[in-house]
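All remarks here apply to the structure that follows.
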There are 2 protein chains.
Amino acid sequence: MSVTGQTGADQLRQYIERIERLEEEKRGLMADIRDIYAEAKATGFEPKIMRQIIKIRGMDKDILAEEDMLLTTYRDALGLPTE
Amino acid sequence: MSVTGQTGADQLRQYIERIERLEEEKRGLMADIRDIYAEAKATGFEPKIMRQIIKIRGMDKDILAEEDMLLTTYRDALGLPTE
């Protein structure tokens, strides 16, 4: 597809505008997410730890168990406190 | 808000689940955007340049003009080809 013709230019514009609309929606969702973290923080929850929880909940259980074990092992090996 | 009580735990879970739903929607939009770039590429348009166009269309006109001018000046100063 050449962009030098009118048809090519129109098609390019349509692709660009579709992406721009979706990017706008994405920005809206990201603002909504920020608002929830802010609301949770105002309620007394710590956003940084909430982000860790969301990451953990999205992980495969076996991989999570493996990583938890390794982290404890490494912390212990380096004399860092472990629970 | 303490998370040790049932009320705190419930509220935390609600915040987390709301964020997870929005993150899921965001992933859906990002997949849609990738699909459009793929479709445009299959049609013969170059996604890398489309991304530059979207960035340019989102810029303030004066800042764009300033940056275009500086880029041309710098390219010229270093002997890089300019149009």
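Simple scheme: letters A, B, ... for chains in structure tokens order, numbers from 1 for residues in each chain, numbers from 1 for ligands in the order shown.
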Would you write out, as JSON lines, a table of all residues in region 1-30 of chain A that have an atom no more than 10 Å from an atom of region 54-62 of chain B, listing for each the closest atom pair and the distance in Å to one decimal, considering only C-alpha atoms and ordering rows by chain and rising residue number?
{"residue": "A:Ile16", "atom": "CA", "partner": "B:Ile54", "partner_atom": "CA", "distance": 6.8}
{"residue": "A:Glu17", "atom": "CA", "partner": "B:Ile54", "partner_atom": "CA", "distance": 8.8}
{"residue": "A:Ile19", "atom": "CA", "partner": "B:Ile54", "partner_atom": "CA", "distance": 8.4}
{"residue": "A:Glu20", "atom": "CA", "partner": "B:Ile54", "partner_atom": "CA", "distance": 7.2}
{"residue": "A:Glu23", "atom": "CA", "partner": "B:Ile54", "partner_atom": "CA", "distance": 9.8}
Suppose we keep N, CA, C and O atoms; can you now write the selection as an mmCIF file, in the first residue's frame?
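result16.cif, freshly written:
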data_model
loop_
_atom_site.group_PDB
_atom_site.id
_atom_site.type_symbol
_atom_site.label_atom_id
_atom_site.label_comp_id
_atom_site.auth_asym_id
_atom_site.auth_seq_id
_atom_site.Cartn_x
_atom_site.Cartn_y
_atom_site.Cartn_z
ATOM 1 N N ILE A 16 -4.361 4.988 11.892
ATOM 2 C CA ILE A 16 -3.827 5.899 12.924
ATOM 3 C C ILE A 16 -4.938 6.328 13.882
ATOM 4 O O ILE A 16 -4.767 6.310 15.108
ATOM 5 N N GLU A 17 -6.091 6.670 13.335
ATOM 6 C CA GLU A 17 -7.179 7.154 14.198
ATOM 7 C C GLU A 17 -7.743 6.038 15.075
ATOM 8 O O GLU A 17 -8.132 6.286 16.221
ATOM 9 N N ILE A 19 -5.988 3.532 16.255
ATOM 10 C CA ILE A 19 -4.999 3.345 17.328
ATOM 11 C C ILE A 19 -5.110 4.486 18.342
ATOM 12 O O ILE A 19 -5.081 4.254 19.552
ATOM 13 N N GLU A 20 -5.279 5.716 17.838
ATOM 14 C CA GLU A 20 -5.380 6.855 18.758
ATOM 15 C C GLU A 20 -6.584 6.721 19.687
ATOM 16 O O GLU A 20 -6.511 7.061 20.867
ATOM 17 N N GLU A 23 -5.660 4.115 22.259
ATOM 18 C CA GLU A 23 -4.666 4.678 23.191
ATOM 19 C C GLU A 23 -5.352 5.619 24.191
ATOM 20 O O GLU A 23 -4.979 5.674 25.363
#
Per residue of chain A within 8 Å of chain B, which atom pair is closest and at what distance in Å (one decimal), using only C-alpha atoms, listed by chain and increasing number, as CSV?
residue,atom,partner,partner_atom,distance
A:Met1,CA,B:Gly44,CA,4.9
A:Ser2,CA,B:Gly44,CA,7.5
A:Leu12,CA,B:Phe45,CA,7.5
A:Tyr15,CA,B:Ala40,CA,6.8
A:Ile16,CA,B:Ile54,CA,6.8
A:Arg18,CA,B:Ile36,CA,7.9
A:Ile19,CA,B:Ile33,CA,5.9
A:Glu20,CA,B:Ile54,CA,7.2
A:Leu22,CA,B:Leu29,CA,6.3
A:Glu23,CA,B:Ile33,CA,7.8
A:Glu25,CA,B:Leu29,CA,7.8
A:Lys26,CA,B:Lys26,CA,5.9
A:Leu29,CA,B:Leu22,CA,6.3
A:Met30,CA,B:Lys26,CA,7.8
A:Asp32,CA,B:Leu22,CA,7.8
A:Ile33,CA,B:Ile19,CA,5.9
A:Ile36,CA,B:Tyr15,CA,6.8
A:Tyr37,CA,B:Tyr15,CA,7.8
A:Ala40,CA,B:Tyr15,CA,6.8
A:Thr43,CA,B:Met1,CA,5.9
A:Gly44,CA,B:Met1,CA,4.9
A:Phe45,CA,B:Met1,CA,6.8
A:Met50,CA,B:Ile16,CA,7.1
A:Ile54,CA,B:Ile16,CA,6.9
File dump, residues just selected, C-alpha atoms, as a compact mmCIF listing (two decimals), in the first residue's frame:
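That gives us again15.txt:
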# COMPACT_ATOMS: atom_id res chain seq x y z
CA MET A 1 0.00 0.00 0.00
CA SER A 2 1.46 3.33 -1.08
CA LEU A 12 -3.27 5.13 6.83
CA TYR A 15 -5.38 2.97 11.07
CA ILE A 16 -3.83 5.90 12.92
CA ARG A 18 -8.25 3.68 15.37
CA ILE A 19 -5.00 3.34 17.33
CA GLU A 20 -5.38 6.86 18.76
CA LEU A 22 -7.66 2.84 21.70
CA GLU A 23 -4.67 4.68 23.19
CA GLU A 25 -9.18 4.46 26.17
CA LYS A 26 -5.99 2.99 27.59
CA LEU A 29 -8.13 3.02 32.24
CA MET A 30 -4.69 3.93 33.56
CA ASP A 32 -8.94 4.88 36.75
CA ILE A 33 -6.30 2.49 38.11
CA ILE A 36 -8.16 3.33 42.89
CA TYR A 37 -4.61 3.18 44.27
CA ALA A 40 -6.86 2.73 48.75
CA THR A 43 -8.00 4.39 53.29
CA GLY A 44 -4.68 3.25 54.74
CA PHE A 45 -3.45 0.60 52.30
CA MET A 50 -0.78 -3.79 46.57
CA ILE A 54 -1.35 -8.13 42.11
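With CA of Glu67 (chain B) on one side and CA of Thr82 (chain B) on the other, the separation reads 14.2 Å.
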| Could you pull out the helix (DSSP H, G or I) residues of chain A from DSSP and send them as a VMD selection string? | chain A and resid 6 to 43 47 to 57 61 to 77
